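S.K.: Quick one: the structure is below, and I'll ask about it shortly.
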2 protein chains.
Amino acid sequence: MYESLAVVGATGAVGKIIRQLLEERDFPIQKVTFMASARSAGSTLSFRGEEHAIVETRPAAFEEIDLVIASTPDEVSQEFVPWAVERNAVVVDESGYWRMDPKVPLIVPEVNPGAVENHQGIIASPNCSTIQMVVAMKPLHDLGRIRRVVVSTYQATSGAGVAGQRDLEHGTRALLDGKPYQYEAFAHPIAQNLIPQIGSSKHEDYTSEEMKMVWETHKIFSDDTIQICPTCVRVPVTNCHSESILVETETPVSVDEARRAFDAAPGITLLDDLKAGQYPMPCDCDGCDDVFLGRLRRDLSSENGLTFWCVSDNLRKGAATNAVQIAELLIRSAR
Amino acid sequence: MYESLAVVGATGAVGKIIRQLLEERDFPIQKVTFMASARSAGSTLSFRGEEHAIVETRPAAFEEIDLVIASTPDEVSQEFVPWAVERNAVVVDESGYWRMDPKVPLIVPEVNPGAVENHQGIIASPNCSTIQMVVAMKPLHDLGRIRRVVVSTYQATSGAGVAGQRDLEHGTRALLDGKPYQYEAFAHPIAQNLIPQIGSSKHEDYTSEEMKMVWETHKIFSDDTIQICPTCVRVPVTNCHSESILVETETPVSVDEARRAFDAAPGITLLDDLKAGQYPMPCDCDGCDDVFLGRLRRDLSSENGLTFWCVSDNLRKGAATNAVQIAELLIRSAR
């Protein structure tokens with residue numbers, strides 16, 4: 001039974017959306033505590049029509065907490081999660097720190113909800129670029145067993161936090177006005193530019209962001225034989241990641257079968273009418289919880305291939321929404 | 001022997017660069033005539049330090065012309081090219097109108113220069129997104145015979161002409177200022193957005209831009225067994241197209257072999273040091289003639305695969321530079 005929830009990182013961009021989601025979804029817990037760093041402690045946040053004092057994230061703060069939903073930098077997560085677990089709270093963590101720990105389930109509720117049963121106090125939510133891809137893969141994997149994925153991403157600046165969004169706005173204004181601008185979140189200009197690197201060099205000249213898409217997908221599907229080639233690119237879009245995805249399946253899946261499966265799948269909205277100029281775009285998916293798919297077509301380059309375009313709000317389904325959904329799974333499984 | 005050159009479409013964005021290139025490359029023809037629509041006729045253009053009156057593009061204008069370099073809309077090309085050919089001029093045409101005509105060679109000088117010998121008065125220059133891809137493919141095709149290509153593009157607004165560039169600038173300013181803006185060149189907003197459609201629906205839910213990448217590549221390599229799956233996306237970048245390219249070869253090509261081949265290939269600049277944050281980006285390739293490659297690595301999803309990132313100035317190598325290079329080939333082959 002979960003009676004007392006803490007939101008850790010409550011003042012961040014994702015934390016703010018977690019708060020909204022708890023209200024929107026009428027999250028079934030009465031007592032909610034908002035935690036943040038010492039800097040924010042003492043100020044208040046509005047929630048369910050009341051002002052809540054922000055509590056500093058420190059060991060004693062977790063004494064009366066059963067459930068935690070957290071969105072913090074990796075190093076903050078590494079420190080506070082044991083404080084909560086030692087005090088018998090279950091932590092749904094959105095950071096990258098615990099994801100590949102063999103004792104920690106990594107969950108996307110549309111894909112592997114059953115993994116929630118095996119937690120030992122920590123459940124991780126995957127990286128944004130992985131989440132929307134695996135939601136899209138699931139119905140096709142069920143139909144024909146996916147053997148290979150080639151994916152190129154078009155990732156928004158909000159993935160680099162508030163500083164990333166600020167860089168895009170201020171950098172773009174400066175560029176249009178012919179003025180200089182010193183970027184904070186990016187090593188190169190992002191205004192009217194593309195940066196084909198997200199994260200650091202990690203494995204065989206793939207970046208950390210790219211290897212997350214490989215390793216996290218293997219863990220979520222419990223299948224490390226799915227071959228995945230990712231290319232991750234930062235684009236001058238404020239919010240919503242897009243992905244050009246090609247999958248090859250073991251048994252053939254027709255475009256019509258895929259279309260029906262996408263239409264029936266939870267968490268997916270299919271927007272696919274090329275002749276009518278209908279397909280998902282970042283400007284239309286901002287603030288939505290679903291994964292949006294379009295441009296579905298047969299792969300012209302393989303027998304059992306399909307290719308499509310995938311857009312999702314990286315702050316919602318890519319972060320806040322997925323974490324809140326995991327917490328809802330936990331609450332249902334405890335009843 | 002070519003003694004008198006006409007530049008048709010001289011006042012357009014590509015026409016302007018053709019003029020610059022003729023000066024920069026000391027193009028070996030003394031007499032140059034600049035043609036444009038009746039609207040521009042009579043005004044002047046500066047070239048090699050002199051003012052040249054713009055001549056209206058009409059049949060009689062081609063009487064004394066041996067060689068034409070043209071960049072016009074398809075329907076203009078359809079009309080004027082026969083006027084020039086009937087008067088024994090050879091036309092290097094940058095429009096899409098003649099490219100797939102079996103009597104018309106389609107040439108990228110780094111790839112199939114020999115095709116210049118077989119012309120019957122018209123030589124076509126491929127679409128921008130095709131040109132930079134085939135320049136990158138050529139050294140790998142020579143090493144291991146390319147059997148398959150999966151490509152996702154990130155295409156700049158300059159590919160939609162001056163109106164496309166204006167849309168990006170004005171649309172972005174309006175978005176930042178919270179004001180409305182009516183797009184001219186695009187069916188959807190492009191400011192801080194992505195449009196996963198370039199051209200119209202053409203073949204099996206692929207767009208015309210995507211099918212150009214398939215059909216033109218087959219023609220340039222004289223090999224329609226190369227299997228190609230393209231996804232073409234418009235991005236909020238002013239100039240320079242980028243492409244995430246995966247190739248599979250018949251015989252294996254190592255990353256080191258590919259690197260050496262790219263380094264030695266004409267028209268290619270390899271900028272590839274992920275740890276140092278070095279790779280091609282649109283902001284650095286603007287105004288350059290080469291095709292820039294980086295992020296070269298082994299495909300994690302196939303035995304004989306390589307993947308890399310490719311950026312090129314779509315108005316230069318993707319249009320003006322390639323056309324001028326074809327004209328230079330013609331002049332050399334006539335000597």
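By convention here, the chains of the structure tokens are called A, B, ... in the order presented, each chain's residues are numbered starting at 1, and ligands are numbered starting at 1 in the order presented.
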Give me, as a VMD selection string, the residues of chain B touching chain A, with the criterion being at most 7 Å (counting only C-alpha atoms).
M.R.: chain B and resid 148 152 192 to 195 201 205 227 to 229 236 to 238 244 274 to 275 281 to 283 297 299 to 301
S.K.: Within 10 Å of Arg19 in chain A, counting only C-alpha atoms, which residues qualify if same-chain residues fewer than 2 places away don't, as a PyMOL selection string?
M.R.: chain A and resi 7+10-11+14-17+21-24+27+32+34+45-48+320+324
S.K.: Would you mind exporting the chosen residues as a short mmCIF file (atom, residue, chain, number, x, y, z; two decimals), in the first residue's frame, restricted to all heavy atoms?
M.R.:
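What ended up in part.cif:
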```
data_model
loop_
_atom_site.label_atom_id
_atom_site.label_comp_id
_atom_site.auth_asym_id
_atom_site.auth_seq_id
_atom_site.Cartn_x
_atom_site.Cartn_y
_atom_site.Cartn_z
N VAL A 7 7.84 13.73 -4.68
CA VAL A 7 8.37 14.07 -6.00
C VAL A 7 9.72 14.74 -5.77
O VAL A 7 9.79 15.80 -5.14
CB VAL A 7 7.43 15.02 -6.76
CG1 VAL A 7 8.06 15.43 -8.10
CG2 VAL A 7 6.07 14.37 -6.98
N ALA A 10 11.38 18.45 -7.89
CA ALA A 10 10.03 18.98 -8.19
C ALA A 10 10.08 20.33 -8.90
O ALA A 10 9.10 20.72 -9.55
CB ALA A 10 9.22 19.11 -6.89
N THR A 11 11.20 21.04 -8.80
CA THR A 11 11.25 22.38 -9.39
C THR A 11 11.83 22.37 -10.82
O THR A 11 11.82 23.40 -11.48
CB THR A 11 12.12 23.31 -8.53
OG1 THR A 11 13.40 22.69 -8.35
CG2 THR A 11 11.48 23.54 -7.17
N VAL A 14 11.06 18.71 -15.83
CA VAL A 14 10.29 17.46 -15.79
C VAL A 14 9.46 17.40 -14.51
O VAL A 14 8.30 16.98 -14.53
CB VAL A 14 11.22 16.23 -15.93
CG1 VAL A 14 10.45 14.93 -15.73
CG2 VAL A 14 11.91 16.24 -17.30
N GLY A 15 10.03 17.87 -13.40
CA GLY A 15 9.31 17.88 -12.12
C GLY A 15 8.01 18.67 -12.21
O GLY A 15 6.98 18.26 -11.66
N LYS A 16 8.07 19.77 -12.94
CA LYS A 16 6.88 20.60 -13.12
C LYS A 16 5.78 19.82 -13.85
O LYS A 16 4.60 19.89 -13.49
CB LYS A 16 7.28 21.84 -13.91
CG LYS A 16 6.16 22.84 -14.12
CD LYS A 16 6.69 24.05 -14.89
CE LYS A 16 5.54 24.93 -15.35
NZ LYS A 16 6.01 26.03 -16.22
N ILE A 17 6.18 19.07 -14.86
CA ILE A 17 5.19 18.28 -15.62
C ILE A 17 4.69 17.11 -14.78
O ILE A 17 3.50 16.76 -14.83
CB ILE A 17 5.79 17.80 -16.96
CG1 ILE A 17 6.18 19.02 -17.80
CG2 ILE A 17 4.80 16.92 -17.72
CD1 ILE A 17 6.90 18.68 -19.08
N LEU A 21 0.84 16.25 -14.13
CA LEU A 21 0.27 14.93 -14.43
C LEU A 21 -0.44 14.34 -13.22
O LEU A 21 -1.48 13.70 -13.34
CB LEU A 21 1.38 13.98 -14.91
CG LEU A 21 1.92 14.25 -16.32
CD1 LEU A 21 3.23 13.50 -16.53
CD2 LEU A 21 0.89 13.84 -17.37
N LEU A 22 0.14 14.55 -12.03
CA LEU A 22 -0.50 14.02 -10.82
C LEU A 22 -1.89 14.62 -10.66
O LEU A 22 -2.83 13.93 -10.26
CB LEU A 22 0.37 14.34 -9.58
CG LEU A 22 1.76 13.68 -9.53
CD1 LEU A 22 2.51 14.15 -8.29
CD2 LEU A 22 1.67 12.16 -9.55
N GLU A 23 -2.02 15.89 -11.03
CA GLU A 23 -3.33 16.55 -10.98
C GLU A 23 -4.24 16.03 -12.10
O GLU A 23 -5.36 15.58 -11.85
CB GLU A 23 -3.18 18.07 -11.10
CG GLU A 23 -2.51 18.70 -9.89
CD GLU A 23 -2.41 20.23 -9.99
OE1 GLU A 23 -2.31 20.74 -11.12
OE2 GLU A 23 -2.40 20.89 -8.96
N GLU A 24 -3.73 16.08 -13.33
CA GLU A 24 -4.52 15.69 -14.51
C GLU A 24 -5.07 14.27 -14.39
O GLU A 24 -6.19 13.97 -14.78
CB GLU A 24 -3.66 15.71 -15.77
CG GLU A 24 -3.35 17.06 -16.36
CD GLU A 24 -2.30 16.95 -17.48
OE1 GLU A 24 -2.21 15.88 -18.15
OE2 GLU A 24 -1.57 17.93 -17.67
N PHE A 27 -3.97 11.26 -9.59
CA PHE A 27 -3.07 10.23 -9.08
C PHE A 27 -3.53 9.77 -7.70
O PHE A 27 -3.77 10.59 -6.81
CB PHE A 27 -1.65 10.80 -9.02
CG PHE A 27 -0.59 9.76 -8.78
CD1 PHE A 27 -0.08 9.02 -9.83
CD2 PHE A 27 -0.13 9.52 -7.50
CE1 PHE A 27 0.90 8.06 -9.61
CE2 PHE A 27 0.84 8.56 -7.26
CZ PHE A 27 1.35 7.82 -8.32
N VAL A 32 1.27 14.19 -0.71
CA VAL A 32 2.37 14.40 -1.65
C VAL A 32 3.35 15.43 -1.07
O VAL A 32 2.93 16.49 -0.59
CB VAL A 32 1.86 14.90 -3.02
CG1 VAL A 32 3.02 15.08 -3.99
CG2 VAL A 32 0.83 13.92 -3.60
N PHE A 34 6.89 17.61 -1.98
CA PHE A 34 7.76 18.03 -3.08
C PHE A 34 9.15 18.32 -2.54
O PHE A 34 9.31 19.11 -1.61
CB PHE A 34 7.17 19.26 -3.78
CG PHE A 34 5.85 18.95 -4.44
CD1 PHE A 34 4.65 19.34 -3.85
CD2 PHE A 34 5.82 18.21 -5.61
CE1 PHE A 34 3.44 19.01 -4.44
CE2 PHE A 34 4.60 17.88 -6.20
CZ PHE A 34 3.41 18.28 -5.61
N LEU A 45 5.13 25.47 -3.77
CA LEU A 45 4.60 25.07 -5.07
C LEU A 45 3.10 24.89 -4.93
O LEU A 45 2.64 24.36 -3.91
CB LEU A 45 5.20 23.72 -5.50
CG LEU A 45 6.64 23.72 -5.98
CD1 LEU A 45 7.09 22.29 -6.23
CD2 LEU A 45 6.74 24.54 -7.25
N SER A 46 2.38 25.27 -5.96
CA SER A 46 0.93 25.11 -5.91
C SER A 46 0.56 23.73 -6.45
O SER A 46 1.07 23.29 -7.48
CB SER A 46 0.31 26.22 -6.77
OG SER A 46 -1.04 25.93 -6.98
N PHE A 47 -0.30 23.00 -5.72
CA PHE A 47 -0.70 21.65 -6.13
C PHE A 47 -2.08 21.35 -5.60
O PHE A 47 -2.33 21.53 -4.40
CB PHE A 47 0.33 20.64 -5.61
CG PHE A 47 0.01 19.21 -5.98
CD1 PHE A 47 0.11 18.79 -7.31
CD2 PHE A 47 -0.39 18.29 -5.02
CE1 PHE A 47 -0.18 17.47 -7.66
CE2 PHE A 47 -0.68 16.98 -5.37
CZ PHE A 47 -0.58 16.56 -6.69
N ARG A 48 -2.96 20.89 -6.46
CA ARG A 48 -4.34 20.59 -6.07
C ARG A 48 -4.96 21.76 -5.27
O ARG A 48 -5.60 21.54 -4.23
CB ARG A 48 -4.42 19.28 -5.26
CG ARG A 48 -4.16 18.04 -6.12
CD ARG A 48 -4.17 16.76 -5.28
NE ARG A 48 -3.92 15.57 -6.10
CZ ARG A 48 -3.57 14.38 -5.61
NH1 ARG A 48 -3.43 14.20 -4.31
NH2 ARG A 48 -3.37 13.36 -6.41
N ALA A 320 8.41 12.54 -17.80
CA ALA A 320 7.43 12.66 -16.71
C ALA A 320 6.31 11.64 -16.84
O ALA A 320 5.97 10.93 -15.87
CB ALA A 320 6.86 14.07 -16.69
N VAL A 324 5.34 8.60 -14.19
CA VAL A 324 4.06 8.58 -13.47
C VAL A 324 3.29 7.29 -13.80
O VAL A 324 2.67 6.68 -12.92
CB VAL A 324 3.23 9.84 -13.80
CG1 VAL A 324 1.81 9.73 -13.26
CG2 VAL A 324 3.91 11.09 -13.24
#
```
S.K.: Among range 25-199 of chain B, which residues carry a DSSP assignment of helix (DSSP H, G or I), reported as a PyMOL selection string?
M.R.: chain B and resi 59-62+74-86+113-118+128-144+157-177
S.K.: Rank nothing, just name the residue among B:Gln165, B:Thr44, B:Thr321, B:Ser95 nearest to Gln132 in chain B, using only C-alpha atoms.
M.R.: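 Selected residue with least distance to Gln132 in chain B: B:Thr321.
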S.K.: Could you list, as an mmCIF file with N, CA, C and O atoms, in the first residue's frame, every residue within 9 Å of Pro59 in chain A, counting only C-alpha atoms and ignoring same-chain residues fewer than 3 positions away?
M.R.:
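Contents of out-v2.cif, freshly written:
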```
data_model
loop_
_atom_site.group_PDB
_atom_site.id
_atom_site.type_symbol
_atom_site.label_atom_id
_atom_site.label_comp_id
_atom_site.auth_asym_id
_atom_site.auth_seq_id
_atom_site.Cartn_x
_atom_site.Cartn_y
_atom_site.Cartn_z
ATOM 1 N N PHE A 62 12.909 11.268 3.881
ATOM 2 C CA PHE A 62 12.230 10.093 3.330
ATOM 3 C C PHE A 62 11.617 9.199 4.415
ATOM 4 O O PHE A 62 11.081 8.143 4.106
ATOM 5 N N GLU A 63 11.666 9.636 5.697
ATOM 6 C CA GLU A 63 11.200 8.785 6.805
ATOM 7 C C GLU A 63 9.763 8.305 6.607
ATOM 8 O O GLU A 63 9.454 7.151 6.807
ATOM 9 N N PHE A 80 20.737 10.221 -3.509
ATOM 10 C CA PHE A 80 19.523 10.215 -2.668
ATOM 11 C C PHE A 80 18.753 8.893 -2.714
ATOM 12 O O PHE A 80 18.047 8.549 -1.751
ATOM 13 N N PRO A 82 19.532 5.709 -2.415
ATOM 14 C CA PRO A 82 19.730 4.801 -1.263
ATOM 15 C C PRO A 82 19.086 5.321 0.028
ATOM 16 O O PRO A 82 18.580 4.526 0.823
ATOM 17 N N TRP A 83 19.065 6.638 0.232
ATOM 18 C CA TRP A 83 18.405 7.185 1.427
ATOM 19 C C TRP A 83 16.935 6.742 1.460
ATOM 20 O O TRP A 83 16.405 6.357 2.505
ATOM 21 N N ALA A 84 16.287 6.820 0.296
ATOM 22 C CA ALA A 84 14.861 6.480 0.232
ATOM 23 C C ALA A 84 14.650 4.977 0.377
ATOM 24 O O ALA A 84 13.770 4.525 1.126
ATOM 25 N N ARG A 87 14.865 3.454 3.730
ATOM 26 C CA ARG A 87 13.699 3.769 4.566
ATOM 27 C C ARG A 87 12.420 3.143 3.994
ATOM 28 O O ARG A 87 11.311 3.573 4.278
#
```
S.K.: So how far away is CA of Gly121 in chain B from CA of Asn88 in chain B, in Å?
M.R.: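 Atom-to-atom, CA of Asn88 in chain B and CA of Gly121 in chain B are spaced 7.4 Å apart.
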S.K.: For CA of Arg39 in chain B and CA of Asn322 in chain B, quote the distance in Å rounded to one decimal.
M.R.: 27.2 Å
S.K.: Counting only C-alpha atoms, what is within 8 Å of Asn314 in chain B, bar same-chain residues fewer than 3 positions away, as a list of chain:residue names?
M.R.: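 The residues satisfying every condition are B:Cys128, B:Ser129, B:Ser158, B:Gly159, B:Asn239, B:Cys240, B:His241, B:Lys317, B:Gly318, B:Ala319.
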S.K.: Could you list, as a PyMOL selection string, every residue within 12 Å of Ala6 in chain B, counting only C-alpha atoms and ignoring same-chain residues fewer than 3 positions away?
M.R.: chain B and resi 2-3+9-10+15+18-19+22+29-36+52+54-57+61-71+81+84+89-93+324+327
S.K.: Out of range 115-268 of chain A, which residues get strand (DSSP E) from DSSP, as a PyMOL selection string?
M.R.: chain A and resi 122-124+146-154+201-203+206-207+227-231+241-249+268
S.K.: So, counting only C-alpha atoms, which residue among B:Gly144, B:Gly267, B:Gly171, B:Gly114 is closest to Val253 in chain B?
M.R.: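 The shortest atom-to-atom distance to Val253 in chain B comes from B:Gly144.
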